[in-house]
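Undergrad: Pasting data-v1.txt below, which is compact mmCIF, C-alpha atoms.
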# COMPACT_ATOMS: atom_id res chain seq x y z
CA MET V 1 0.43 -30.17 -3.60
CA SER V 2 -1.75 -32.89 -2.18
CA VAL V 3 -4.78 -32.21 -0.01
CA GLU V 4 -3.11 -33.93 2.95
CA ILE V 5 -0.06 -31.68 2.81
CA TYR V 6 -2.26 -28.61 2.44
CA GLU V 7 -4.28 -29.60 5.51
CA ARG V 8 -1.10 -30.21 7.51
CA LEU V 9 0.12 -26.77 6.53
CA ARG V 10 -3.14 -25.15 7.59
CA VAL V 11 -3.12 -26.71 11.05
CA ASN V 12 0.59 -26.10 11.61
CA PRO V 13 1.00 -23.60 14.49
CA LYS V 14 3.90 -21.90 12.69
CA PHE V 15 1.71 -21.35 9.62
CA GLN V 16 -1.05 -19.90 11.76
CA GLU V 17 1.50 -17.65 13.47
CA LEU V 18 2.74 -16.52 10.05
CA VAL V 19 -0.76 -15.72 8.81
CA VAL V 20 -1.71 -13.80 11.96
CA THR V 21 1.58 -11.90 12.26
CA ARG V 22 1.79 -10.97 8.60
CA GLY V 23 -1.88 -10.03 8.47
CA ARG V 24 -1.67 -7.84 11.56
CA PHE V 25 1.43 -6.09 10.24
CA ALA V 26 -0.08 -5.56 6.78
CA TRP V 27 -3.34 -4.19 8.21
CA THR V 28 -1.42 -1.87 10.53
CA LEU V 29 0.53 -0.46 7.60
CA THR V 30 -2.67 -0.20 5.56
CA PHE V 31 -4.37 1.75 8.35
CA ILE V 32 -1.40 4.12 8.63
CA VAL V 33 -1.25 4.77 4.87
CA LEU V 34 -4.99 5.28 4.47
CA THR V 35 -5.20 7.55 7.50
CA LEU V 36 -2.34 9.74 6.31
CA PHE V 37 -3.49 9.82 2.70
CA TYR V 38 -7.12 10.66 3.44
CA GLY V 39 -6.04 13.02 6.20
CA PHE V 40 -4.02 14.90 3.61
CA VAL V 41 -6.95 14.96 1.19
CA LEU V 42 -9.22 16.30 3.94
CA ALA V 43 -6.62 18.90 4.91
CA VAL V 44 -6.49 20.10 1.30
CA ALA V 45 -10.29 20.22 1.17
CA TYR V 46 -10.85 22.00 4.49
CA PHE V 47 -7.69 24.10 4.81
CA PRO V 48 -6.74 25.15 1.27
CA ALA V 49 -5.30 28.47 2.42
CA VAL V 50 -2.88 26.75 4.81
CA MET V 51 -1.87 24.16 2.24
CA GLY V 52 -1.33 26.86 -0.38
CA GLN V 53 1.01 28.97 1.74
CA PRO V 54 4.68 29.02 0.78
CA VAL V 55 7.02 27.07 3.05
CA SER V 56 9.16 30.16 3.45
CA GLU V 57 8.97 33.71 2.18
CA GLY V 58 9.77 33.88 -1.51
CA SER V 59 9.61 30.10 -1.88
CA MET V 60 7.68 28.48 -4.73
CA LEU V 61 7.22 25.34 -2.60
CA THR V 62 3.88 25.31 -0.77
CA VAL V 63 3.03 23.58 2.49
CA GLY V 64 0.71 21.18 0.66
CA VAL V 65 3.38 20.12 -1.82
CA ALA V 66 5.96 19.72 0.97
CA VAL V 67 3.58 17.59 3.02
CA GLU V 68 2.70 15.42 0.02
CA LEU V 69 6.37 14.90 -0.86
CA SER V 70 7.01 13.95 2.76
CA LEU V 71 4.12 11.49 2.64
CA PHE V 72 5.43 10.02 -0.59
CA ILE V 73 8.83 9.42 0.99
CA PHE V 74 7.20 8.04 4.16
CA PHE V 75 5.11 5.59 2.10
CA TRP V 76 8.27 4.37 0.35
CA LEU V 77 9.89 3.87 3.76
CA LEU V 78 6.87 1.87 4.94
CA SER V 79 7.16 -0.28 1.81
CA ALA V 80 10.84 -0.85 2.52
CA LEU V 81 9.99 -1.76 6.12
CA TYR V 82 7.45 -4.33 4.92
CA VAL V 83 9.90 -5.82 2.41
CA ARG V 84 12.63 -6.00 5.05
CA ARG V 85 10.36 -7.76 7.53
CA ALA V 86 8.95 -10.05 4.83
CA ASN V 87 12.42 -11.05 3.68
CA SER V 88 13.61 -11.82 7.19
CA GLU V 89 10.89 -12.82 9.64
CA PHE V 90 8.11 -13.91 7.29
CA ASP V 91 10.39 -15.83 4.92
CA ALA V 92 12.02 -17.60 7.87
CA LEU V 93 8.64 -18.70 9.20
CA THR V 94 7.62 -19.84 5.71
CA GLN V 95 10.77 -21.93 5.39
CA GLU V 96 10.11 -23.54 8.80
CA VAL V 97 6.56 -24.44 7.76
CA ILE V 98 7.76 -25.92 4.46
CA LYS V 99 10.52 -27.86 6.20
CA GLN V 100 8.06 -29.31 8.70
CA ALA V 101 5.62 -30.24 5.94
CA ARG V 102 8.32 -32.02 3.95
CA LYS V 103 9.54 -33.84 7.06
CA GLU V 104 6.02 -35.06 7.85
CA ASP V 105 5.47 -36.06 4.21
CA LYS V 106 8.31 -38.59 4.30
With the file now loaded, output its structure as structure tokens.
TA:
Amino acid sequence: MSVEIYERLRVNPKFQELVVTRGRFAWTLTFIVLTLFYGFVLAVAYFPAVMGQPVSEGSMLTVGVAVELSLFIFFWLLSALYVRRANSEFDALTQEVIKQARKEDK
């Protein structure tokens, strides 16, 4: 890719929109994941008795394990959400930017 094309891509408003939108979305998901993960770690550290209680009487499944399994599933869902949005919105914006760059190159 030539320097001229790269510069045109960088100043393209659609490219800037893509970078800002994707970055904001990725940082939001990062904040959610880190907050939940470290919140769980802190809950285990400060409330071990609560996390070690069985979910129901006679159950081998503890609250801590149930919460962690729920978080694991939630993190997979967040990953699927990111992939879905990347494959639709972000890829569409990328294709528009590439199309405009090729049009201007000719």
Undergrad: Give the answer as one residue: which of V:Val11, V:Leu78, V:Ala66, V:Met51 has the shortest atom-to-atom distance to V:Thr28, using only C-alpha atoms?
TA: V:Leu78
Undergrad: Which of these, V:Val55, V:Met60, V:Val97, V:Ile73, has the shortest distance to V:Pro13 once you count all atoms listed in the file?
TA: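 Among V:Val55, V:Met60, V:Val97, V:Ile73, it is V:Val97 that comes nearest to V:Pro13.
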Undergrad: Calculated over only C-alpha atoms, which of the candidates V:Ala43, V:Leu69, V:Leu29, V:Leu9 has the smallest distance to V:Lys103?
TA: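 That would be V:Leu9, the residue with the smallest distance to V:Lys103.
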Undergrad: Leaving out V:Glu17 and any residue of its chain fewer than 6 positions from it, which residues lie within 10 Å of it when counting all atoms listed in the file, given as a ChimeraX atom specification?
TA: /V:23,90,93
Undergrad: Edge lengths and centre in Å to one decimal, as JSON, of the axis-aligned box that encloses all listed atoms of stretch 68-87 of chain V with 4 Å added on every side?
TA:
{"center_x": 7.7, "center_y": 2.2, "center_z": 3.3, "size_x": 17.9, "size_y": 34.5, "size_z": 16.4}
Undergrad: Quick one: of V:Glu68, V:Glu89, V:Glu104, V:Glu57, who's nearest to V:Glu7, counting only C-alpha atoms?
TA: V:Glu104
Undergrad: Could you jot down the atom CA of V:Phe40 to atom CA of V:Tyr82 separation for me, Å, one decimal place?
TA: 22.4 Å
Undergrad: Compare V:Trp76, V:Phe31, V:Tyr6, V:Phe15 by their minimum atom-to-atom distance to V:Glu96, counting all atoms listed in the file, and give me the closest one.
TA: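 Once distances to V:Glu96 are computed over all atoms listed in the file, the minimum belongs to V:Phe15.
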Undergrad: Might you pull out every residue within 12 Å of V:Ser70, with all atoms listed in the file counted and same-chain residues fewer than 6 positions away left off, and present them as a list in words?
TA: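 Contacts, with the query itself left out: Leu36, Phe37, Phe40, Val63, Gly64, Trp76 and Leu77 of chain V.
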Undergrad: As an exercise, work out the distance from atom CA of V:Phe74 to atom CA of V:Thr30 in Å and give it to one decimal place.
TA: 12.9 Å
Undergrad: Atom CA of V:Ala80 to atom CA of V:Trp27: how many Å, to one decimal?
TA: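 Computing it gives 15.6 Å between the two atoms.
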